[in-house]
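Below is input.cif, holding mmCIF, C-alpha atoms and all ligand atoms.
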data_start
#
loop_
_atom_site.label_atom_id
_atom_site.label_comp_id
_atom_site.auth_asym_id
_atom_site.auth_seq_id
_atom_site.Cartn_x
_atom_site.Cartn_y
_atom_site.Cartn_z
CA MET B 22 3.54 9.45 -40.83
CA GLU B 23 5.00 7.01 -43.31
CA ALA B 24 7.92 8.20 -45.40
CA ALA B 25 7.39 8.74 -49.08
CA ALA B 26 9.80 6.18 -50.45
CA ASP B 27 8.23 3.40 -48.36
CA LEU B 28 4.82 4.31 -49.63
CA ALA B 29 5.46 3.19 -53.20
CA GLY B 30 8.10 0.58 -52.39
CA GLY B 31 10.98 2.81 -53.47
CA LEU B 32 9.54 3.27 -56.96
CA LEU B 33 9.24 7.04 -56.97
CA GLY B 34 11.26 8.79 -59.65
CA ARG B 35 12.56 5.47 -60.95
CA ARG B 36 12.69 3.67 -64.27
CA PHE B 37 12.80 -0.11 -63.88
CA HIS B 38 12.35 -3.44 -65.65
CA CYS B 39 9.36 -5.34 -64.34
CA THR B 40 8.57 -9.05 -64.06
CA CYS B 41 5.75 -8.38 -66.55
CA GLY B 42 8.42 -7.80 -69.22
CA GLN B 43 7.88 -4.06 -69.59
CA GLU B 44 9.92 -1.08 -68.51
CA HIS B 45 8.03 1.23 -66.15
CA HIS B 46 8.74 4.81 -65.18
CA VAL B 47 7.22 6.77 -62.28
CA PRO B 48 8.02 10.47 -62.91
CA THR B 49 6.76 11.59 -59.48
CA ASP B 50 9.86 11.47 -57.30
CA THR B 51 8.52 12.79 -54.00
CA VAL B 52 5.41 12.08 -51.92
CA GLU B 53 5.27 13.76 -48.51
CA LEU B 54 2.32 13.05 -46.23
CA GLN B 55 3.43 15.00 -43.19
CA GLU B 56 2.28 17.81 -40.97
CA ASP B 57 5.16 19.98 -42.23
CA ALA B 58 4.32 19.19 -45.89
CA ALA B 59 4.12 22.90 -46.82
CA VAL B 60 7.67 23.50 -45.54
CA ARG B 61 8.92 20.53 -47.54
CA LEU B 62 7.03 21.72 -50.60
CA ALA B 63 8.63 25.17 -50.46
CA ARG B 64 12.09 23.62 -50.20
CA TYR B 65 11.38 21.29 -53.12
CA VAL B 66 9.88 23.99 -55.34
CA LYS B 67 12.79 26.37 -54.72
CA GLU B 68 15.09 23.81 -56.28
CA LEU B 69 12.65 22.80 -59.00
CA ALA B 70 12.16 26.39 -60.19
CA GLY B 71 15.88 27.21 -59.87
CA GLY B 72 15.21 30.74 -58.64
CA GLY B 73 12.47 31.30 -61.25
CA LYS B 74 8.94 32.53 -60.64
CA VAL B 75 6.27 30.02 -59.51
CA LEU B 76 2.53 30.09 -60.22
CA VAL B 77 0.39 28.94 -57.28
CA ALA B 78 -3.12 28.02 -58.45
CA GLY B 79 -6.26 26.85 -56.67
CA ASP B 80 -9.88 27.84 -56.15
CA SER B 81 -11.15 30.23 -53.50
CA THR B 82 -11.66 27.42 -50.95
CA THR B 83 -8.47 25.44 -51.52
CA MET B 84 -6.25 28.53 -51.61
CA THR B 85 -7.52 29.35 -48.11
CA LEU B 86 -7.05 25.74 -46.91
CA GLY B 87 -3.53 25.72 -48.32
CA ALA B 88 -2.56 29.24 -47.25
CA THR B 89 0.52 27.80 -45.54
CA VAL B 90 1.95 27.00 -48.99
CA ARG B 91 2.26 30.72 -49.81
CA THR B 92 3.55 31.50 -46.31
CA GLU B 93 6.31 28.92 -46.68
CA LEU B 94 7.20 29.99 -50.23
CA ARG B 95 7.62 33.57 -48.92
CA ARG B 96 9.69 32.31 -46.03
CA SER B 97 11.91 30.36 -48.46
CA ARG B 98 12.18 33.44 -50.71
CA VAL B 99 10.59 31.74 -53.72
CA PRO B 100 9.04 34.38 -56.01
CA TYR B 101 5.44 33.41 -56.77
CA GLU B 102 2.10 34.70 -58.04
CA GLY B 103 -1.18 33.30 -56.74
CA VAL B 104 -4.11 32.61 -59.08
CA VAL B 105 -7.62 31.93 -57.78
CA MET B 106 -9.28 30.14 -60.69
CA ASN B 107 -12.93 30.70 -59.77
CA ARG B 108 -14.79 33.79 -58.73
CA PRO B 109 -15.95 33.53 -55.13
CA GLY B 110 -19.73 33.36 -54.97
CA ARG B 111 -19.97 32.28 -58.65
CA GLY B 112 -20.23 28.56 -57.91
CA PHE B 113 -17.67 25.76 -58.07
CA LEU B 114 -14.65 25.68 -60.33
CA LYS B 115 -15.13 23.39 -63.34
CA ALA B 116 -12.33 21.45 -64.99
CA THR B 117 -12.84 22.55 -68.59
CA LEU B 118 -10.35 22.45 -71.44
CA ALA B 119 -10.94 26.19 -71.93
CA SER B 120 -9.91 27.00 -68.32
CA ALA B 121 -6.83 24.78 -68.62
CA ASP B 122 -5.84 26.60 -71.82
CA THR B 123 -6.27 30.00 -70.13
CA LEU B 124 -4.00 28.84 -67.33
CA ALA B 125 -1.45 27.43 -69.82
CA LEU B 126 -1.30 30.85 -71.49
CA ARG B 127 -0.68 32.52 -68.15
CA LEU B 128 2.15 30.06 -67.48
CA THR B 129 4.00 31.32 -70.57
CA GLU B 130 4.47 34.69 -68.79
CA GLY B 131 7.91 33.85 -67.42
CA PHE B 132 7.00 31.10 -64.93
CA ALA B 133 9.43 28.26 -64.19
CA ALA B 134 7.07 25.90 -62.33
CA ALA B 135 3.60 25.66 -60.82
CA VAL B 136 1.97 24.52 -57.59
CA ALA B 137 -1.59 23.15 -57.65
CA VAL B 138 -3.32 23.74 -54.32
CA GLY B 139 -6.51 21.66 -54.21
CA SER B 140 -8.00 18.29 -55.09
CA GLY B 141 -9.52 16.76 -58.25
CA THR B 142 -10.56 19.76 -60.31
CA VAL B 143 -7.60 21.99 -59.46
CA ASN B 144 -5.16 19.14 -59.98
CA ASP B 145 -6.61 18.28 -63.42
CA LEU B 146 -6.50 21.92 -64.57
CA VAL B 147 -2.93 22.62 -63.40
CA LYS B 148 -1.69 19.22 -64.59
CA PHE B 149 -3.04 19.77 -68.09
CA ALA B 150 -1.97 23.45 -68.26
CA CYS B 151 1.59 22.50 -67.23
CA THR B 152 1.62 19.71 -69.81
CA ARG B 153 0.68 22.24 -72.51
CA ALA B 154 3.19 24.82 -71.21
CA ARG B 155 5.89 22.11 -70.74
CA LEU B 156 6.54 23.16 -67.15
CA PRO B 157 7.01 21.00 -64.06
CA TYR B 158 4.50 21.20 -61.23
CA VAL B 159 3.83 19.89 -57.76
CA VAL B 160 0.54 19.45 -55.95
CA PHE B 161 -0.46 20.38 -52.42
CA ALA B 162 -3.44 18.06 -51.90
CA THR B 163 -6.34 19.38 -49.82
CA ALA B 164 -8.68 16.35 -50.00
CA PRO B 165 -8.25 12.59 -50.62
CA SER B 166 -11.25 12.56 -52.93
CA MET B 167 -9.85 10.54 -55.86
CA ASN B 168 -6.77 8.65 -57.06
CA GLY B 169 -5.72 11.06 -59.81
CA TYR B 170 -2.93 13.01 -58.11
CA PRO B 171 0.01 11.00 -59.52
CA SER B 172 -1.70 9.84 -62.72
CA GLY B 173 -0.74 10.60 -66.31
CA ILE B 174 -4.24 11.68 -67.25
CA ALA B 175 -6.45 14.72 -66.65
CA ALA B 176 -10.26 14.62 -66.82
CA LEU B 177 -11.48 17.80 -68.52
CA GLU B 178 -14.82 18.88 -69.93
CA VAL B 179 -14.91 19.57 -73.64
CA HIS B 180 -18.24 21.00 -74.85
CA GLY B 181 -19.86 19.89 -71.61
CA ILE B 182 -18.64 16.28 -71.71
CA LYS B 183 -15.82 14.86 -69.56
CA ARG B 184 -12.84 13.63 -71.57
CA THR B 185 -9.71 11.86 -70.41
CA MET B 186 -6.62 13.63 -71.73
CA GLU B 187 -3.00 12.49 -71.53
CA ALA B 188 -0.97 14.70 -69.21
CA THR B 189 2.36 14.76 -67.41
CA PRO B 190 2.25 13.61 -63.75
CA PRO B 191 3.38 15.99 -60.97
CA ARG B 192 6.99 15.94 -59.81
CA GLY B 193 5.93 15.93 -56.18
CA ILE B 194 2.80 15.36 -54.07
CA PHE B 195 2.59 17.04 -50.67
CA ALA B 196 -0.22 16.81 -48.13
CA ASP B 197 -0.78 17.71 -44.50
CA PRO B 198 -2.96 14.96 -42.94
CA ARG B 199 -4.66 17.54 -40.69
CA ILE B 200 -5.89 19.49 -43.73
CA LEU B 201 -6.95 16.29 -45.53
CA ALA B 202 -8.90 15.09 -42.49
CA ALA B 203 -10.75 18.42 -42.26
CA ALA B 204 -12.03 18.12 -45.87
CA PRO B 205 -15.82 17.94 -46.31
CA ARG B 206 -17.07 14.46 -45.37
CA ASP B 207 -18.49 13.89 -48.84
CA LEU B 208 -15.02 14.32 -50.37
CA LEU B 209 -13.54 11.81 -47.90
CA ARG B 210 -16.36 9.39 -48.68
CA ALA B 211 -15.85 9.93 -52.40
CA GLY B 212 -12.19 8.98 -51.98
CA PHE B 213 -13.27 5.85 -50.13
CA GLY B 214 -15.75 4.97 -52.90
CA ASP B 215 -13.08 5.38 -55.59
CA ALA B 216 -10.54 3.28 -53.65
CA ILE B 217 -12.96 0.42 -52.98
CA SER B 218 -13.51 -0.21 -56.70
CA LYS B 219 -9.96 -1.45 -57.32
CA PRO B 220 -10.33 -5.23 -56.73
CA VAL B 221 -13.24 -5.23 -59.20
CA SER B 222 -11.58 -2.98 -61.80
CA GLY B 223 -8.43 -5.10 -61.45
CA ALA B 224 -10.46 -8.24 -62.21
CA ASP B 225 -11.83 -6.53 -65.34
CA TRP B 226 -8.29 -5.77 -66.49
CA ARG B 227 -7.15 -9.36 -65.81
CA MET B 228 -10.14 -10.86 -67.63
CA ALA B 229 -9.88 -8.51 -70.64
CA THR B 230 -6.21 -9.35 -71.19
CA TRP B 231 -6.88 -13.08 -70.88
CA LEU B 232 -9.60 -12.78 -73.47
CA ARG B 233 -8.13 -10.22 -75.85
CA GLY B 234 -4.43 -9.89 -75.05
CA GLY B 235 -2.75 -6.57 -74.28
CA SER B 236 -0.36 -5.79 -71.49
CA PHE B 237 -1.07 -6.83 -67.92
CA CYS B 238 1.14 -6.08 -64.94
CA PRO B 239 0.55 -8.03 -61.69
CA PHE B 240 3.01 -5.70 -59.97
CA ALA B 241 0.73 -2.70 -60.67
CA LEU B 242 -2.20 -4.53 -59.06
CA ASP B 243 -0.13 -5.58 -56.05
CA LEU B 244 0.73 -1.92 -55.42
CA VAL B 245 -2.94 -1.19 -54.73
CA ARG B 246 -3.42 -4.37 -52.72
CA GLN B 247 -0.68 -3.26 -50.30
CA ALA B 248 -2.79 -0.45 -48.90
CA GLU B 249 -6.20 -2.16 -48.99
CA ALA B 250 -6.41 -3.85 -45.59
CA GLU B 251 -5.33 -0.71 -43.77
CA TYR B 252 -7.87 1.71 -45.22
CA LEU B 253 -10.69 -0.87 -45.09
CA ALA B 254 -9.98 -1.34 -41.38
CA HIS B 255 -10.39 2.43 -41.00
CA ALA B 256 -13.72 2.76 -42.85
CA GLN B 257 -15.61 4.32 -39.93
CA ALA B 258 -12.70 6.59 -38.99
CA ILE B 259 -12.53 7.85 -42.60
CA GLY B 260 -16.25 8.64 -42.60
CA ARG B 261 -15.77 10.57 -39.36
CA GLY B 262 -12.75 12.49 -40.69
CA GLU B 263 -10.16 11.04 -38.29
CA ALA B 264 -6.59 11.78 -39.38
CA ALA B 265 -5.16 8.23 -39.07
CA GLY B 266 -7.92 6.77 -41.26
CA VAL B 267 -7.69 9.59 -43.77
CA ALA B 268 -3.91 9.12 -44.05
CA ALA B 269 -4.45 5.39 -44.76
CA LEU B 270 -6.99 6.29 -47.45
CA THR B 271 -4.64 8.86 -48.98
CA ARG B 272 -1.85 6.27 -49.19
CA ALA B 273 -4.21 3.83 -50.93
CA LEU B 274 -5.34 6.47 -53.43
CA ILE B 275 -1.79 7.60 -54.21
CA LEU B 276 -0.73 3.98 -54.73
CA SER B 277 -3.71 3.49 -57.03
CA GLY B 278 -2.58 6.56 -59.01
CA VAL B 279 0.97 5.19 -59.20
CA SER B 280 -0.42 1.83 -60.40
CA MET B 281 -1.97 3.63 -63.40
CA VAL B 282 1.39 5.25 -64.21
CA VAL B 283 3.10 1.85 -63.96
CA ALA B 284 0.46 0.21 -66.16
CA GLY B 285 0.59 3.07 -68.67
CA SER B 286 -3.21 3.25 -68.63
CA SER B 287 -6.10 3.62 -66.21
CA SER B 288 -6.88 -0.12 -66.54
CA PRO B 289 -5.86 -1.17 -62.99
CA ALA B 290 -8.15 1.51 -61.55
CA SER B 291 -11.06 1.81 -63.94
CA GLY B 292 -13.36 -1.01 -65.04
CA GLY B 293 -17.08 -1.48 -65.58
CA GLU B 294 -17.91 0.41 -62.36
CA HIS B 295 -16.15 3.51 -63.75
CA LEU B 296 -18.05 3.17 -67.01
CA ILE B 297 -21.33 3.23 -65.06
CA SER B 298 -20.17 6.38 -63.23
CA HIS B 299 -19.02 8.03 -66.49
CA TYR B 300 -22.35 7.08 -68.07
CA TRP B 301 -24.27 8.83 -65.27
CA ASP B 302 -22.00 11.88 -65.80
CA LEU B 303 -22.77 11.80 -69.49
CA ARG B 304 -26.53 11.57 -68.90
CA SER B 305 -26.27 14.45 -66.41
CA ALA B 306 -24.37 16.55 -68.97
CA LEU B 307 -26.86 15.76 -71.77
CA ALA B 308 -29.72 16.73 -69.42
CA GLY B 309 -27.93 19.91 -68.26
CA ARG B 310 -27.68 18.68 -64.65
CA ALA B 311 -24.63 19.11 -62.37
CA PRO B 312 -22.64 15.87 -62.00
CA ARG B 313 -22.47 14.06 -58.65
CA LEU B 314 -19.15 13.32 -56.92
CA HIS B 315 -17.19 10.76 -58.94
CA GLY B 316 -16.17 8.55 -56.01
CA LEU B 317 -19.67 8.37 -54.52
CA GLN B 318 -21.02 7.12 -57.86
CA VAL B 319 -18.10 4.72 -58.29
CA GLY B 320 -18.71 3.19 -54.84
CA VAL B 321 -22.35 2.41 -55.67
CA ALA B 322 -21.39 1.15 -59.13
CA THR B 323 -18.82 -1.18 -57.52
CA VAL B 324 -21.62 -2.89 -55.57
CA VAL B 325 -23.38 -3.32 -58.93
CA THR B 326 -20.42 -4.84 -60.80
CA ALA B 327 -19.30 -6.99 -57.83
CA THR B 328 -22.86 -8.42 -57.79
CA LEU B 329 -22.72 -8.93 -61.55
CA TYR B 330 -19.43 -10.81 -61.15
CA GLU B 331 -21.15 -13.14 -58.69
CA GLU B 332 -23.75 -14.01 -61.36
CA VAL B 333 -21.15 -14.43 -64.09
CA LEU B 334 -18.85 -16.55 -61.93
CA GLY B 335 -21.84 -18.70 -60.96
CA LEU B 336 -21.79 -20.17 -64.49
CA ASP B 337 -20.30 -23.66 -64.58
CA SER B 338 -19.68 -23.66 -68.31
CA ILE B 339 -19.91 -21.47 -71.42
CA ASP B 340 -22.62 -22.21 -73.99
CA VAL B 341 -20.78 -21.07 -77.14
CA THR B 342 -23.64 -21.71 -79.57
CA GLY B 343 -26.19 -19.87 -77.41
CA CYS B 344 -23.85 -16.89 -76.93
CA LEU B 345 -23.05 -16.63 -80.62
CA GLY B 346 -26.76 -16.85 -81.50
CA ARG B 347 -27.48 -13.71 -79.43
CA TYR B 348 -24.49 -11.76 -80.75
CA ARG B 349 -25.40 -8.51 -82.54
CA ASP B 350 -22.80 -6.55 -84.50
CA THR B 351 -22.39 -2.78 -84.53
CA GLU B 352 -24.43 -2.29 -87.73
CA ALA B 353 -27.43 -3.93 -86.09
CA ARG B 354 -27.07 -1.69 -83.02
CA GLU B 355 -26.29 1.57 -84.84
CA PRO B 356 -29.82 3.07 -85.10
CA GLU B 357 -30.53 2.68 -81.36
CA ILE B 358 -27.08 4.03 -80.45
CA ARG B 359 -27.65 7.08 -82.67
CA SER B 360 -30.92 7.87 -80.97
CA ARG B 361 -29.55 7.33 -77.45
CA TYR B 362 -26.50 9.58 -77.72
CA GLY B 363 -27.72 12.52 -79.80
CA ARG B 364 -24.79 14.87 -80.51
CA LEU B 365 -22.37 12.26 -79.12
CA ALA B 366 -23.51 9.46 -81.46
CA ASP B 367 -20.45 9.45 -83.76
CA GLU B 368 -17.86 9.22 -81.01
CA THR B 369 -19.90 6.62 -79.10
CA LEU B 370 -20.13 4.49 -82.23
CA ALA B 371 -16.34 4.74 -82.58
CA GLU B 372 -15.96 3.36 -79.03
CA VAL B 373 -18.45 0.57 -79.71
CA ARG B 374 -16.57 -0.35 -82.91
CA ALA B 375 -13.28 -0.35 -80.98
CA LYS B 376 -14.34 -3.36 -78.95
CA GLN B 377 -16.84 -5.05 -81.24
CA VAL B 378 -15.33 -7.97 -83.14
CA PRO B 379 -16.56 -9.77 -86.26
CA ARG B 380 -18.64 -12.89 -85.74
CA ASP B 381 -15.81 -15.33 -86.59
CA ARG B 382 -13.52 -13.69 -84.03
CA LYS B 383 -16.31 -13.71 -81.46
CA LEU B 384 -16.64 -17.45 -82.05
CA SER B 385 -12.94 -18.02 -81.38
CA GLU B 386 -13.12 -15.76 -78.28
CA LEU B 387 -16.05 -17.73 -76.91
CA GLU B 388 -14.27 -21.01 -77.65
CA ARG B 389 -11.22 -19.79 -75.75
CA MET B 390 -13.48 -18.75 -72.90
CA ARG B 391 -15.16 -22.19 -72.83
CA VAL B 392 -11.85 -24.03 -72.73
CA ASN B 393 -10.25 -21.76 -70.10
CA TRP B 394 -13.36 -21.05 -68.04
CA PRO B 395 -12.44 -23.23 -65.00
CA GLN B 396 -9.08 -21.41 -64.60
CA TRP B 397 -10.42 -17.94 -65.41
CA ARG B 398 -13.33 -18.42 -63.08
CA SER B 399 -11.19 -19.40 -60.12
CA GLY B 400 -8.65 -16.66 -60.92
CA LEU B 401 -11.36 -13.99 -61.00
CA ARG B 402 -13.05 -15.39 -57.89
CA ALA B 403 -9.78 -14.92 -56.03
CA MET B 404 -9.60 -11.26 -57.11
CA VAL B 405 -13.15 -9.91 -56.79
CA VAL B 406 -14.39 -8.86 -53.37
CA PRO B 407 -17.92 -10.13 -52.50
CA ALA B 408 -20.58 -7.44 -53.14
CA ARG B 409 -21.84 -7.77 -49.57
CA GLN B 410 -18.40 -6.85 -48.26
CA VAL B 411 -18.19 -3.79 -50.55
CA ARG B 412 -21.65 -2.65 -49.42
CA GLU B 413 -20.82 -3.08 -45.74
CA ALA B 414 -17.55 -1.17 -46.03
CA LEU B 415 -19.28 1.68 -47.88
CA ALA B 416 -22.00 1.80 -45.23
CA ALA B 417 -19.39 1.86 -42.44
CA ALA B 418 -17.77 4.91 -44.05
CA GLY B 419 -21.17 6.61 -44.41
CA CYS B 420 -21.10 6.35 -48.24
CA PRO B 421 -24.15 5.79 -50.42
CA THR B 422 -24.56 2.07 -51.14
CA ARG B 423 -27.57 2.03 -53.48
CA ALA B 424 -28.42 3.98 -56.63
CA GLU B 425 -31.40 5.58 -54.91
CA ASP B 426 -29.07 7.02 -52.23
CA LEU B 427 -27.49 9.01 -55.08
CA GLY B 428 -30.87 10.11 -56.44
CA VAL B 429 -30.53 7.67 -59.37
CA THR B 430 -33.88 6.06 -60.27
CA GLY B 431 -34.33 2.35 -60.97
CA GLU B 432 -34.81 3.18 -64.62
CA GLU B 433 -31.56 5.19 -64.73
CA LEU B 434 -29.73 2.31 -63.04
CA GLU B 435 -31.06 -0.20 -65.58
CA ASP B 436 -30.13 2.14 -68.43
CA ALA B 437 -26.55 2.53 -67.11
CA ILE B 438 -26.04 -1.23 -66.58
CA LEU B 439 -27.23 -1.94 -70.11
CA HIS B 440 -25.48 0.88 -71.97
CA ALA B 441 -22.43 2.11 -70.00
CA ARG B 442 -20.31 -0.38 -71.93
CA GLU B 443 -20.99 1.58 -75.13
CA ILE B 444 -19.11 4.72 -74.12
CA ARG B 445 -15.56 3.31 -73.91
CA GLY B 446 -13.66 0.79 -76.02
CA ARG B 447 -12.54 -1.07 -72.88
CA TYR B 448 -13.87 -4.65 -72.37
CA THR B 449 -15.26 -5.11 -68.84
CA VAL B 450 -17.56 -7.41 -66.86
CA LEU B 451 -20.48 -5.52 -68.46
CA ASP B 452 -19.39 -6.85 -71.88
CA LEU B 453 -18.66 -10.29 -70.49
CA ALA B 454 -22.13 -10.50 -68.94
CA ASP B 455 -23.67 -9.32 -72.22
CA ASP B 456 -21.70 -11.94 -74.19
CA LEU B 457 -22.97 -14.58 -71.76
CA GLY B 458 -26.60 -13.41 -72.04
CA LEU B 459 -26.82 -12.33 -68.40
CA LEU B 460 -26.80 -8.53 -68.64
CA GLU B 461 -30.43 -7.77 -69.51
CA GLY B 462 -31.96 -9.90 -66.79
CA PHE B 463 -29.50 -8.53 -64.25
CA ALA B 464 -30.26 -4.91 -65.21
CA ARG B 465 -34.01 -5.52 -64.99
CA ARG B 466 -33.74 -7.08 -61.55
CA ALA B 467 -31.38 -4.34 -60.34
CA ALA B 468 -33.87 -1.70 -61.46
CA HIS B 469 -36.49 -3.27 -59.20
CA GLY B 470 -34.14 -3.44 -56.25
CA ALA B 471 -33.84 -7.23 -56.48
CA SER B 472 -30.33 -8.74 -56.84
CA LEU B 473 -28.53 -5.69 -55.28
ZN ZN B 501 -12.00 6.91 -60.15
ZN ZN B 502 5.00 -4.47 -64.85
#
Please express the file's structure as structure tokens.
Ligand SMILES: [Zn+2]
Ligand SMILES: [Zn+2]
Amino acid sequence: MEAAADLAGGLLGRRFHCTCGQEHHVPTDTVELQEDAAVRLARYVKELAGGGKVLVAGDSTTMTLGATVRTELRRSRVPYEGVVMNRPGRGFLKATLASADTLALRLTEGFAAAVAVGSGTVNDLVKFACTRARLPYVVFATAPSMNGYPSGIAALEVHGIKRTMEATPPRGIFADPRILAAAPRDLLRAGFGDAISKPVSGADWRMATWLRGGSFCPFALDLVRQAEAEYLAHAQAIGRGEAAGVAALTRALILSGVSMVVAGSSSPASGGEHLISHYWDLRSALAGRAPRLHGLQVGVATVVTATLYEEVLGLDSIDVTGCLGRYRDTEAREPEIRSRYGRLADETLAEVRAKQVPRDRKLSELERMRVNWPQWRSGLRAMVVPARQVREALAAAGCPTRAEDLGVTGEELEDAILHAREIRGRYTVLDLADDLGLLEGFARRAAHGASL
């Protein structure tokens, strides 16, 4: 298995000046993807906790999968207490702010460090609890289901709605490829779906910074690119749970997480396709339904936004007058937004206002787009992967490729394409297509299974 330092090009634990002009810092100093990962974890944690007591937290499933962690801590004479965060038989553990706070309180009882044993939910809870308690933690990953292990954010539910909170990344990430490969197939496929979105989310980031400024780091995007060919070549093996493919996927996801730390935001890993997935989560929460797996939704949404890019990049020129004529400001949209989001109307309006610009600024944006379109268009074309290719790779891994495979109706797909851009202040291809007058027609055709 590949050594940790090679995985992120020797970046781990380093602070460095980048060609983009910024200084970057990756606080995670160790990534071990090896069969003896639990042994290495115990050794690392012994030093990290300096003889102090360690809290080992997971859910009933992951604590069983990662039982070797406790065995090795005992063997290394590291004092620890185990916490199972859900009650067996009472359903899945949920990443809520309330649970993270309960865990943070527990951490104040004389602990020196924590170990998260699990994947997305467990990692988010322990990461946020340790941030609150100002304690270091490491993660023993049990499934490559998402790219959040090394990231500086935790997704937690507050009053039933997922929120992205700032949090301190883990000091170390440890994983045994045999355990990862034995994870439920849907978790492996979810990891694949999350990874495959990156060329499209990266294009959104590039385009948004061309149009509106803000920091962009080509180095962060290259980090993700490094691992792409390898995991794509293993699509079928990943879907079948073969260790070599799953290790390639895990490397890609960890690099994607590191790219977010380097960028200082989720921009390299989260564009319009993530907004569509978050929008479906939000509609599920408002309707009292359980959310679907993040990565499975993101994979399908990536087919949608890659297709939308093909329409947008098909334009030879920008019709500034036509675009400005269709432009509606926030005041004009407020009544419909209020009725669509119910109890979430105020915060949604704040997000809409964050990216809406006055008409005179929109005019200068559109002018800049018209002048630069030939360069922007070829730059974006070089970044975005064709939708057909995304769909074929997803199918090879056994992932859903169409909204209906997820149980999303045509109407729900149309709704998400039209409105997902309202829930975050980030400018993506969904906004670009709306500015260019292409979004409504695209959403209508997508709803009827045409165009996708
Ligand atoms: Zn994601
Ligand atoms: Zn940089």
Q. From the set B:Gly73, B:Gly34, B:Gly131, B:Pro165, which residue has the shortest atom-to-atom contact distance to Pro191 in chain B, counting all atoms listed in the file?
A. B:Gly34
Neighbourhood query: residues within 10 Å of (-28.9, 3.5, -59.4), file coordinates, counting all atoms listed in the file; return as a PDB file with C-alpha atoms, keeping the file's coordinate frame.
ATOM      1  CA  ILE B 297     -21.330   3.230 -65.060  1.00  0.00           C
ATOM      2  CA  SER B 298     -20.170   6.380 -63.230  1.00  0.00           C
ATOM      3  CA  TRP B 301     -24.270   8.830 -65.270  1.00  0.00           C
ATOM      4  CA  GLN B 318     -21.020   7.120 -57.860  1.00  0.00           C
ATOM      5  CA  VAL B 321     -22.350   2.410 -55.670  1.00  0.00           C
ATOM      6  CA  ALA B 322     -21.390   1.150 -59.130  1.00  0.00           C
ATOM      7  CA  VAL B 325     -23.380  -3.320 -58.930  1.00  0.00           C
ATOM      8  CA  THR B 422     -24.560   2.070 -51.140  1.00  0.00           C
ATOM      9  CA  ARG B 423     -27.570   2.030 -53.480  1.00  0.00           C
ATOM     10  CA  ALA B 424     -28.420   3.980 -56.630  1.00  0.00           C
ATOM     11  CA  GLU B 425     -31.400   5.580 -54.910  1.00  0.00           C
ATOM     12  CA  ASP B 426     -29.070   7.020 -52.230  1.00  0.00           C
ATOM     13  CA  LEU B 427     -27.490   9.010 -55.080  1.00  0.00           C
ATOM     14  CA  GLY B 428     -30.870  10.110 -56.440  1.00  0.00           C
ATOM     15  CA  VAL B 429     -30.530   7.670 -59.370  1.00  0.00           C
ATOM     16  CA  THR B 430     -33.880   6.060 -60.270  1.00  0.00           C
ATOM     17  CA  GLY B 431     -34.330   2.350 -60.970  1.00  0.00           C
ATOM     18  CA  GLU B 432     -34.810   3.180 -64.620  1.00  0.00           C
ATOM     19  CA  GLU B 433     -31.560   5.190 -64.730  1.00  0.00           C
ATOM     20  CA  LEU B 434     -29.730   2.310 -63.040  1.00  0.00           C
ATOM     21  CA  GLU B 435     -31.060  -0.200 -65.580  1.00  0.00           C
ATOM     22  CA  ASP B 436     -30.130   2.140 -68.430  1.00  0.00           C
ATOM     23  CA  ALA B 437     -26.550   2.530 -67.110  1.00  0.00           C
ATOM     24  CA  ILE B 438     -26.040  -1.230 -66.580  1.00  0.00           C
ATOM     25  CA  ALA B 467     -31.380  -4.340 -60.340  1.00  0.00           C
ATOM     26  CA  ALA B 468     -33.870  -1.700 -61.460  1.00  0.00           C
ATOM     27  CA  GLY B 470     -34.140  -3.440 -56.250  1.00  0.00           C
TER      28      GLY B 470
END
Q. With all atoms listed in the file as the atoms that count, which of B:Ser280, B:Thr163, B:Thr117, B:Ser287 lies nearest to ligand ZN 502 (chain B)?
A.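 Of all the options, B:Ser280 lies closest to ligand ZN 502 (chain B).
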Q: Can you pull out every residue within 10 Å of range 41-55 of chain B, counting only C-alpha atoms, but drop anything in the same chain fewer than 5 positions away, and send it as a PyMOL selection string?
A: chain B and resi 22-29+31-36+60-62+65+159-162+170-173+189-199+201+236-241+268+271-272+275+279-285
**Q.** 12 Å shell around ligand ZN 501 (chain B) using only C-alpha atoms and all ligand atoms, listed as an MDAnalysis selection string
**A.** chainID B and resid 141 165:170 172 174:176 185 211:219 222 274:275 277:278 281 287:299 314:320 322:323
Padding 8 Å on each side, edges along x, y and z: where is the centre of the box around the listed atoms of range 40-45 of chain B, and how long are its edges in Å to one decimal? Output it as lines of an AutoDock Vina configuration file.
center_x = 7.8
center_y = -3.9
center_z = -66.8
size_x = 20.2
size_y = 26.3
size_z = 21.5
Q) CA of Gly234 in chain B and CA of Arg347 in chain B are how many Å apart? A)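 So the two atoms, CA of Gly234 in chain B and CA of Arg347 in chain B, lie 23.8 Å apart.
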**Q.** CA of Ala441 in chain B to CA of Tyr300 in chain B, distance in Å rounded to a single decimal
**A.**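 Going from CA of Ala441 in chain B over to CA of Tyr300 in chain B covers 5.3 Å.
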Q) Which residue out of B:Leu94, B:Ala327, B:Leu242, B:Ala416 has the minimum interatomic distance to ligand ZN 502 (chain B) when all atoms listed in the file are used? A)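 Looking at the shortest contact to ligand ZN 502 (chain B), the residue is B:Leu242.
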Q.
The residues within 6 Å of (-25.7, -9.9, -66.3), using only C-alpha atoms and the coordinates of the file, should be reported as a PyMOL selection string; which are they?
A. chain B and resi 329+454+459-460+463
If you keep C-alpha atoms, can you produce a file of those selected residues as a CSV table (one decimal), in the frame of the given file?
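Okay, this is what ended up in out34.csv:
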chain,number,residue,atom,x,y,z
B,329,LEU,CA,-22.7,-8.9,-61.6
B,454,ALA,CA,-22.1,-10.5,-68.9
B,459,LEU,CA,-26.8,-12.3,-68.4
B,460,LEU,CA,-26.8,-8.5,-68.6
B,463,PHE,CA,-29.5,-8.5,-64.2
